[in-house]
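Text of work10.cif, listed as mmCIF, C-alpha atoms, pLDDT in the B column; chains and numbers go by the auth columns:
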data_my_file
loop_
_atom_site.group_PDB
_atom_site.id
_atom_site.type_symbol
_atom_site.label_atom_id
_atom_site.label_comp_id
_atom_site.label_asym_id
_atom_site.label_seq_id
_atom_site.Cartn_x
_atom_site.Cartn_y
_atom_site.Cartn_z
_atom_site.B_iso_or_equiv
_atom_site.auth_seq_id
_atom_site.auth_asym_id
ATOM 1 C CA PRO A 1 0.000 0.000 0.000 75.00 154 A
ATOM 2 C CA LEU A 2 2.819 2.470 0.765 73.00 155 A
ATOM 3 C CA LEU A 3 4.487 2.136 -2.638 76.00 156 A
ATOM 4 C CA LEU A 4 1.147 2.190 -4.412 80.00 157 A
ATOM 5 C CA THR A 5 0.258 5.430 -2.598 79.00 158 A
ATOM 6 C CA MET A 6 3.620 6.931 -3.568 78.00 159 A
ATOM 7 C CA MET A 7 3.094 5.935 -7.183 82.00 160 A
ATOM 8 C CA ALA A 8 -0.375 7.520 -7.191 83.00 161 A
ATOM 9 C CA ILE A 9 1.007 10.752 -5.735 80.00 162 A
ATOM 10 C CA LEU A 10 3.814 10.832 -8.288 80.00 163 A
ATOM 11 C CA ASN A 11 1.485 10.014 -11.176 82.00 164 A
ATOM 12 C CA ARG A 12 -0.787 12.891 -10.208 83.00 165 A
ATOM 13 C CA ASN A 13 1.773 15.459 -11.407 80.00 166 A
ATOM 14 C CA GLN A 14 3.928 13.559 -13.886 83.00 167 A
ATOM 15 C CA GLU A 15 4.374 10.355 -15.806 86.00 168 A
ATOM 16 C CA LEU A 16 5.815 7.618 -13.633 86.00 169 A
ATOM 17 C CA PRO A 17 9.512 6.935 -14.212 86.00 170 A
ATOM 18 C CA ARG A 18 10.135 3.827 -16.270 87.00 171 A
ATOM 19 C CA ASP A 19 13.137 2.602 -14.308 91.00 172 A
ATOM 20 C CA ARG A 20 12.821 1.444 -10.719 88.00 173 A
ATOM 21 C CA PRO A 21 15.753 3.336 -9.174 90.00 174 A
ATOM 22 C CA GLU A 22 14.310 6.647 -10.345 90.00 175 A
ATOM 23 C CA LEU A 23 10.833 5.649 -9.156 89.00 176 A
ATOM 24 C CA TYR A 24 12.222 4.826 -5.690 90.00 177 A
ATOM 25 C CA ASN A 25 14.255 8.031 -5.666 90.00 178 A
ATOM 26 C CA GLN A 26 11.159 10.083 -6.380 89.00 179 A
ATOM 27 C CA ALA A 27 9.058 8.092 -3.906 88.00 180 A
ATOM 28 C CA SER A 28 11.648 8.736 -1.199 90.00 181 A
ATOM 29 C CA ARG A 29 11.642 12.433 -2.105 88.00 182 A
ATOM 30 C CA VAL A 30 7.855 12.466 -1.666 86.00 183 A
ATOM 31 C CA LEU A 31 8.098 10.840 1.763 87.00 184 A
ATOM 32 C CA LEU A 32 11.085 12.860 2.951 87.00 185 A
ATOM 33 C CA HIS A 33 10.074 16.281 1.637 82.00 186 A
ATOM 34 C CA GLN A 34 6.915 16.722 -0.396 68.00 187 A
ATOM 35 C CA TRP A 35 4.805 14.799 2.121 63.00 188 A
ATOM 36 C CA ASP A 36 5.433 17.460 4.781 57.00 189 A
ATOM 37 C CA VAL A 37 4.956 20.336 2.335 51.00 190 A
ATOM 38 C CA GLU A 38 1.638 19.080 0.961 51.00 191 A
ATOM 39 C CA ARG A 39 0.273 18.356 4.422 52.00 192 A
ATOM 40 C CA ALA A 40 1.499 21.822 5.534 48.00 193 A
ATOM 41 C CA LEU A 41 3.346 20.316 8.469 52.00 194 A
ATOM 42 C CA VAL A 42 5.443 22.735 10.440 52.00 195 A
ATOM 43 C CA GLU A 43 9.123 21.815 10.503 58.00 196 A
ATOM 44 C CA ASP A 44 10.444 20.871 13.913 57.00 197 A
ATOM 45 C CA LYS A 45 12.168 23.974 15.299 57.00 198 A
ATOM 46 C CA ARG A 46 15.152 21.852 16.325 57.00 199 A
ATOM 47 C CA LEU A 47 15.820 21.026 12.653 64.00 200 A
ATOM 48 C CA ASP A 48 17.051 23.733 10.333 57.00 201 A
ATOM 49 C CA PRO A 49 15.560 23.057 6.871 54.00 202 A
ATOM 50 C CA LYS A 50 18.311 25.203 5.350 56.00 203 A
ATOM 51 C CA THR A 51 20.883 22.817 6.789 72.00 204 A
ATOM 52 C CA ILE A 52 19.132 19.429 6.617 85.00 205 A
ATOM 53 C CA ASP A 53 17.124 18.771 3.477 86.00 206 A
ATOM 54 C CA TYR A 54 15.651 15.632 1.955 89.00 207 A
ATOM 55 C CA LYS A 55 18.951 14.841 0.223 92.00 208 A
ATOM 56 C CA ASP A 56 20.638 14.725 3.623 93.00 209 A
ATOM 57 C CA LYS A 57 17.896 12.433 4.876 93.00 210 A
ATOM 58 C CA GLN A 58 18.462 10.197 1.841 95.00 211 A
ATOM 59 C CA ALA A 59 22.202 10.140 2.576 96.00 212 A
ATOM 60 C CA MET A 60 21.572 9.150 6.185 97.00 213 A
ATOM 61 C CA LEU A 61 19.177 6.410 5.113 97.00 214 A
ATOM 62 C CA ARG A 62 21.777 5.117 2.634 97.00 215 A
ATOM 63 C CA GLN A 63 24.231 4.709 5.491 97.00 216 A
ATOM 64 C CA VAL A 64 21.620 3.078 7.738 97.00 217 A
ATOM 65 C CA ALA A 65 20.578 0.609 5.021 96.00 218 A
ATOM 66 C CA TYR A 66 24.208 -0.181 4.217 94.00 219 A
ATOM 67 C CA HIS A 67 24.873 -0.892 7.887 95.00 220 A
ATOM 68 C CA MET A 68 21.850 -3.196 8.084 94.00 221 A
ATOM 69 C CA GLN A 69 22.662 -5.144 4.932 90.00 222 A
ATOM 70 C CA THR A 70 26.378 -5.519 5.673 88.00 223 A
ATOM 71 C CA SER A 71 25.866 -6.604 9.284 83.00 224 A
ATOM 72 C CA GLU A 72 26.040 -10.201 10.475 77.00 225 A
ATOM 73 C CA LYS A 73 22.482 -10.935 9.275 73.00 226 A
ATOM 74 C CA GLY A 74 23.585 -10.103 5.733 65.00 227 A
ATOM 75 C CA LEU A 75 21.019 -9.393 3.067 61.00 228 A
ATOM 76 C CA ALA A 76 18.227 -10.696 5.282 66.00 229 A
ATOM 77 C CA GLY A 77 18.975 -7.960 7.813 81.00 230 A
ATOM 78 C CA ASN A 78 16.363 -5.271 8.307 89.00 231 A
ATOM 79 C CA LEU A 79 17.089 -4.484 11.915 92.00 232 A
ATOM 80 C CA ILE A 80 19.208 -1.844 13.618 95.00 233 A
ATOM 81 C CA SER A 81 19.647 -1.035 17.274 94.00 234 A
ATOM 82 C CA ALA A 82 18.669 2.421 18.472 96.00 235 A
ATOM 83 C CA ASN A 83 22.305 2.997 19.514 96.00 236 A
ATOM 84 C CA ASP A 84 23.682 2.126 16.051 96.00 237 A
ATOM 85 C CA LEU A 85 20.990 4.202 14.356 97.00 238 A
ATOM 86 C CA GLU A 86 21.753 7.209 16.548 97.00 239 A
ATOM 87 C CA ARG A 87 25.508 6.760 16.018 97.00 240 A
ATOM 88 C CA ILE A 88 25.164 6.680 12.212 97.00 241 A
ATOM 89 C CA LEU A 89 22.893 9.728 12.096 96.00 242 A
ATOM 90 C CA THR A 90 25.055 11.620 14.603 95.00 243 A
ATOM 91 C CA GLY A 91 28.154 10.894 12.515 95.00 244 A
ATOM 92 C CA TYR A 92 26.498 12.307 9.422 94.00 245 A
ATOM 93 C CA LEU A 93 25.010 15.288 11.238 93.00 246 A
ATOM 94 C CA LYS A 94 28.362 16.268 12.769 92.00 247 A
ATOM 95 C CA THR A 95 29.404 17.344 9.277 88.00 248 A
ATOM 96 C CA LEU A 96 26.380 19.677 9.142 84.00 249 A
ATOM 97 C CA GLU A 97 25.449 20.678 12.678 68.00 250 A
ATOM 98 C CA GLY A 98 28.510 20.123 14.850 71.00 251 A
ATOM 99 C CA ASP A 99 27.705 20.433 18.555 77.00 252 A
ATOM 100 C CA ASN A 100 24.003 19.537 18.512 85.00 253 A
ATOM 101 C CA ALA A 101 24.388 16.456 16.319 90.00 254 A
ATOM 102 C CA THR A 102 23.266 13.894 18.923 92.00 255 A
ATOM 103 C CA LYS A 103 20.129 15.840 19.892 91.00 256 A
ATOM 104 C CA ILE A 104 19.273 16.432 16.242 91.00 257 A
ATOM 105 C CA ALA A 105 19.855 12.735 15.453 93.00 258 A
ATOM 106 C CA ARG A 106 17.235 11.812 18.051 93.00 259 A
ATOM 107 C CA VAL A 107 14.770 14.283 16.536 92.00 260 A
ATOM 108 C CA MET A 108 15.606 12.927 13.078 92.00 261 A
ATOM 109 C CA ILE A 109 14.942 9.322 14.175 95.00 262 A
ATOM 110 C CA ASN A 110 11.519 10.355 15.431 92.00 263 A
ATOM 111 C CA GLN A 111 10.794 12.253 12.227 91.00 264 A
ATOM 112 C CA LEU A 112 11.884 9.362 9.988 93.00 265 A
ATOM 113 C CA ARG A 113 9.489 7.179 11.946 93.00 266 A
ATOM 114 C CA THR A 114 6.424 9.359 12.564 89.00 267 A
ATOM 115 C CA ARG A 115 6.403 11.868 9.692 87.00 268 A
ATOM 116 C CA ASN A 116 8.341 10.317 6.838 87.00 269 A
ATOM 117 C CA PHE A 117 7.287 6.685 7.392 88.00 270 A
ATOM 118 C CA MET A 118 10.693 5.320 6.426 93.00 271 A
ATOM 119 C CA LEU A 119 11.557 3.615 9.708 96.00 272 A
ATOM 120 C CA CYS A 120 9.445 1.827 12.273 95.00 273 A
ATOM 121 C CA PHE A 121 10.105 1.083 15.925 95.00 274 A
ATOM 122 C CA LEU A 122 10.019 -2.647 16.589 93.00 275 A
ATOM 123 C CA GLY A 123 10.384 -2.483 20.357 90.00 276 A
ATOM 124 C CA ALA A 124 13.320 -3.449 22.573 92.00 277 A
ATOM 125 C CA ASP A 125 15.290 -0.492 21.125 93.00 278 A
ATOM 126 C CA TYR A 126 15.283 -1.780 17.537 94.00 279 A
ATOM 127 C CA TYR A 127 14.237 -0.125 14.293 96.00 280 A
ATOM 128 C CA ALA A 128 13.623 -1.371 10.749 96.00 281 A
ATOM 129 C CA PHE A 129 12.668 0.049 7.382 95.00 282 A
ATOM 130 C CA VAL A 130 8.888 0.110 7.004 93.00 283 A
ATOM 131 C CA HIS A 131 9.214 -1.195 3.461 91.00 284 A
ATOM 132 C CA ARG A 132 11.975 -3.586 2.434 90.00 285 A
ATOM 133 C CA THR A 133 12.103 -1.982 -1.016 91.00 286 A
ATOM 134 C CA PHE A 134 13.490 1.207 0.525 94.00 287 A
ATOM 135 C CA LEU A 135 16.053 -0.775 2.526 94.00 288 A
ATOM 136 C CA GLU A 136 17.333 -2.458 -0.632 92.00 289 A
ATOM 137 C CA TYR A 137 17.166 0.726 -2.707 94.00 290 A
ATOM 138 C CA PHE A 138 19.109 2.835 -0.196 96.00 291 A
ATOM 139 C CA CYS A 139 21.700 0.090 0.343 93.00 292 A
ATOM 140 C CA ALA A 140 22.250 -0.293 -3.409 92.00 293 A
ATOM 141 C CA TRP A 141 22.508 3.484 -3.724 94.00 294 A
ATOM 142 C CA GLU A 142 25.194 3.488 -1.013 95.00 295 A
ATOM 143 C CA PHE A 143 27.238 0.933 -2.967 93.00 296 A
ATOM 144 C CA VAL A 144 26.921 3.116 -6.070 93.00 297 A
ATOM 145 C CA TRP A 145 27.851 6.187 -3.988 93.00 298 A
ATOM 146 C CA GLN A 146 30.960 4.495 -2.613 93.00 299 A
ATOM 147 C CA PHE A 147 31.948 3.312 -6.086 93.00 300 A
ATOM 148 C CA LYS A 148 31.238 6.473 -8.094 92.00 301 A
ATOM 149 C CA GLU A 149 31.326 9.423 -5.695 92.00 302 A
ATOM 150 C CA THR A 150 33.754 8.689 -2.879 91.00 303 A
ATOM 151 C CA ARG A 151 35.713 6.063 -4.807 91.00 304 A
ATOM 152 C CA SER A 152 36.094 4.073 -1.596 91.00 305 A
ATOM 153 C CA LEU A 153 34.963 0.883 -3.328 89.00 306 A
ATOM 154 C CA GLU A 154 36.838 -0.583 -6.288 91.00 307 A
ATOM 155 C CA ILE A 155 35.361 -2.676 -9.093 91.00 308 A
ATOM 156 C CA GLU A 156 37.206 -5.777 -7.876 92.00 309 A
ATOM 157 C CA GLU A 157 35.674 -5.369 -4.403 89.00 310 A
ATOM 158 C CA LEU A 158 32.226 -5.057 -5.969 86.00 311 A
ATOM 159 C CA LYS A 159 32.812 -8.226 -7.943 88.00 312 A
ATOM 160 C CA SER A 160 34.259 -10.328 -5.148 87.00 313 A
ATOM 161 C CA GLU A 161 32.938 -8.901 -1.861 82.00 314 A
ATOM 162 C CA VAL A 162 29.474 -7.780 -2.890 81.00 315 A
ATOM 163 C CA PHE A 163 28.342 -9.755 -5.927 83.00 316 A
ATOM 164 C CA GLY A 164 30.644 -12.745 -5.429 81.00 317 A
ATOM 165 C CA LYS A 165 29.526 -13.384 -1.851 78.00 318 A
ATOM 166 C CA HIS A 166 25.827 -12.912 -2.453 74.00 319 A
ATOM 167 C CA TRP A 167 24.857 -13.872 -5.987 79.00 320 A
ATOM 168 C CA GLN A 168 23.460 -17.242 -4.892 81.00 321 A
ATOM 169 C CA ASP A 169 21.739 -15.851 -1.772 76.00 322 A
ATOM 170 C CA GLU A 170 17.981 -15.836 -2.427 76.00 323 A
ATOM 171 C CA THR A 171 17.416 -13.043 0.116 68.00 324 A
#

When written as structure tokens, how does the structure in this file appear?
Amino acid sequence: PLLLTMMAILNRNQELPRDRPELYNQASRVLLHQWDVERALVEDKRLDPKTIDYKDKQAMLRQVAYHMQTSEKGLAGNLISANDLERILTGYLKTLEGDNATKIARVMINQLRTRNFMLCFLGADYYAFVHRTFLEYFCAWEFVWQFKETRSLEIEELKSEVFGKHWQDET
């Protein structure tokens, strides 16, 4: 239902993208930005929209998804502890906000859960992506980011460590 709703919202103003990565990119933009704008939600005063925009939220979610998928559970993993989630978001936010990064990370976790519907609280201090499609999309995007943008991942590592280890894994 979530993806179908996103597709309906996107189709209202434009033709749906033909390739899945662009569809998921636009769906995430709707949830992380347009959703709040169209519902006229007031931005949390603790978050500066000039500093943290939907692209920053996407970048944080890429890192969260990457952490989940490269953890011990592997590709089946869609679980992250509140401490790891806060640590990842704080690390990213330190590049933007500096001193208040931990407080802002906590606000961001709540917003990603209650306003953007990307994460859900599972209890016992654990979170997961509401929709596995977004988990896989953001993780794949992080691999692309590391390969193309930061150049911290080489083609041989992609072949052996990513594809080579997982190509037979049905999950």

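Note on the selection: in this file the PyMOL selection byres ((chain A and resi 218) around 8) comes out as Leu214, Arg215, Gln216, Val217, Tyr219, His220, Met221, Gln222, Asn231, Leu288, Glu289, Phe291 and Cys292 of chain A.
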
For Thr255 of chain A, the nearest of the candidates A:Leu176, A:Phe296, A:Glu239, A:Thr267, counting all atoms listed in the file: A:Glu239

Residue IDs satisfying the PyMOL selection byres ((chain A and resi 272) around 10), as a ChimeraX atom specification: /A:214,262-271,273-275,280-284,287-288

Residues returned when the PyMOL selection byres ((chain A and resi 160) around 12) runs on this file, as a list in words: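 When the PyMOL selection byres ((chain A and resi 160) around 12) is applied to the shown file, the picked residues are Pro154, Leu155, Leu156, Leu157, Thr158, Met159, Ala161, Ile162, Leu163, Asn164, Arg165, Asn166, Gln167, Glu168, Leu169, Pro170, Arg171, Arg173, Glu175, Leu176, Tyr177, Asn178, Gln179, Ala180, Ser181, Arg182, Val183 and Leu184 of chain A.
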
Could you work out an axis-aligned bounding box for all listed atoms of segment 252-266 of chain A, with 3 Å added on each of the six sides, and give its centre and edge lengths in Å to one decimal, as JSON?
{"center_x": 18.6, "center_y": 13.8, "center_z": 14.9, "size_x": 24.2, "size_y": 19.3, "size_z": 15.9}

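Across the structure, atom CA of Gly244 of chain A and atom CA of Val260 of chain A are spaced 14.4 Å apart.
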
Coordinates-based distance that separates atom CA of Arg240 of chain A from atom CA of Asp322 of chain A (Å, one decimal):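 Straight-line distance from atom CA of Asp322 of chain A to atom CA of Arg240 of chain A works out to 29.0 Å.
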
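Candidate residues A:Thr243, A:Leu238, A:Leu232, A:Val315 were compared for distance to Ala293 of chain A, and the nearest is A:Val315, using all atoms listed in the file.
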
Length of the atom CA of His186 of chain A to atom CA of Lys208 of chain A vector [Å]: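 Separating atom CA of His186 of chain A from atom CA of Lys208 of chain A is a distance of 9.1 Å.
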
Nearest candidate to Asp237 of chain A (options A:Arg304, A:Arg285, A:Lys318, A:Arg259; using only C-alpha atoms): A:Arg259

Might you pull out every residue within 10 Å of Leu249 of chain A, with only C-alpha atoms counted and same-chain residues fewer than 4 positions away left off, and present them as a PDB file with C-alpha atoms, keeping the file's coordinate frame?
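What ended up in result13.pdb:
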ATOM      1  CA  THR A 204      20.883  22.817   6.789  1.00 72.00           C
ATOM      2  CA  ILE A 205      19.132  19.429   6.617  1.00 85.00           C
ATOM      3  CA  ASP A 209      20.638  14.725   3.623  1.00 93.00           C
ATOM      4  CA  THR A 243      25.055  11.620  14.603  1.00 95.00           C
ATOM      5  CA  GLY A 244      28.154  10.894  12.515  1.00 95.00           C
ATOM      6  CA  TYR A 245      26.498  12.307   9.422  1.00 94.00           C
ATOM      7  CA  ASN A 253      24.003  19.537  18.512  1.00 85.00           C
ATOM      8  CA  ALA A 254      24.388  16.456  16.319  1.00 90.00           C
TER       9      ALA A 254
END
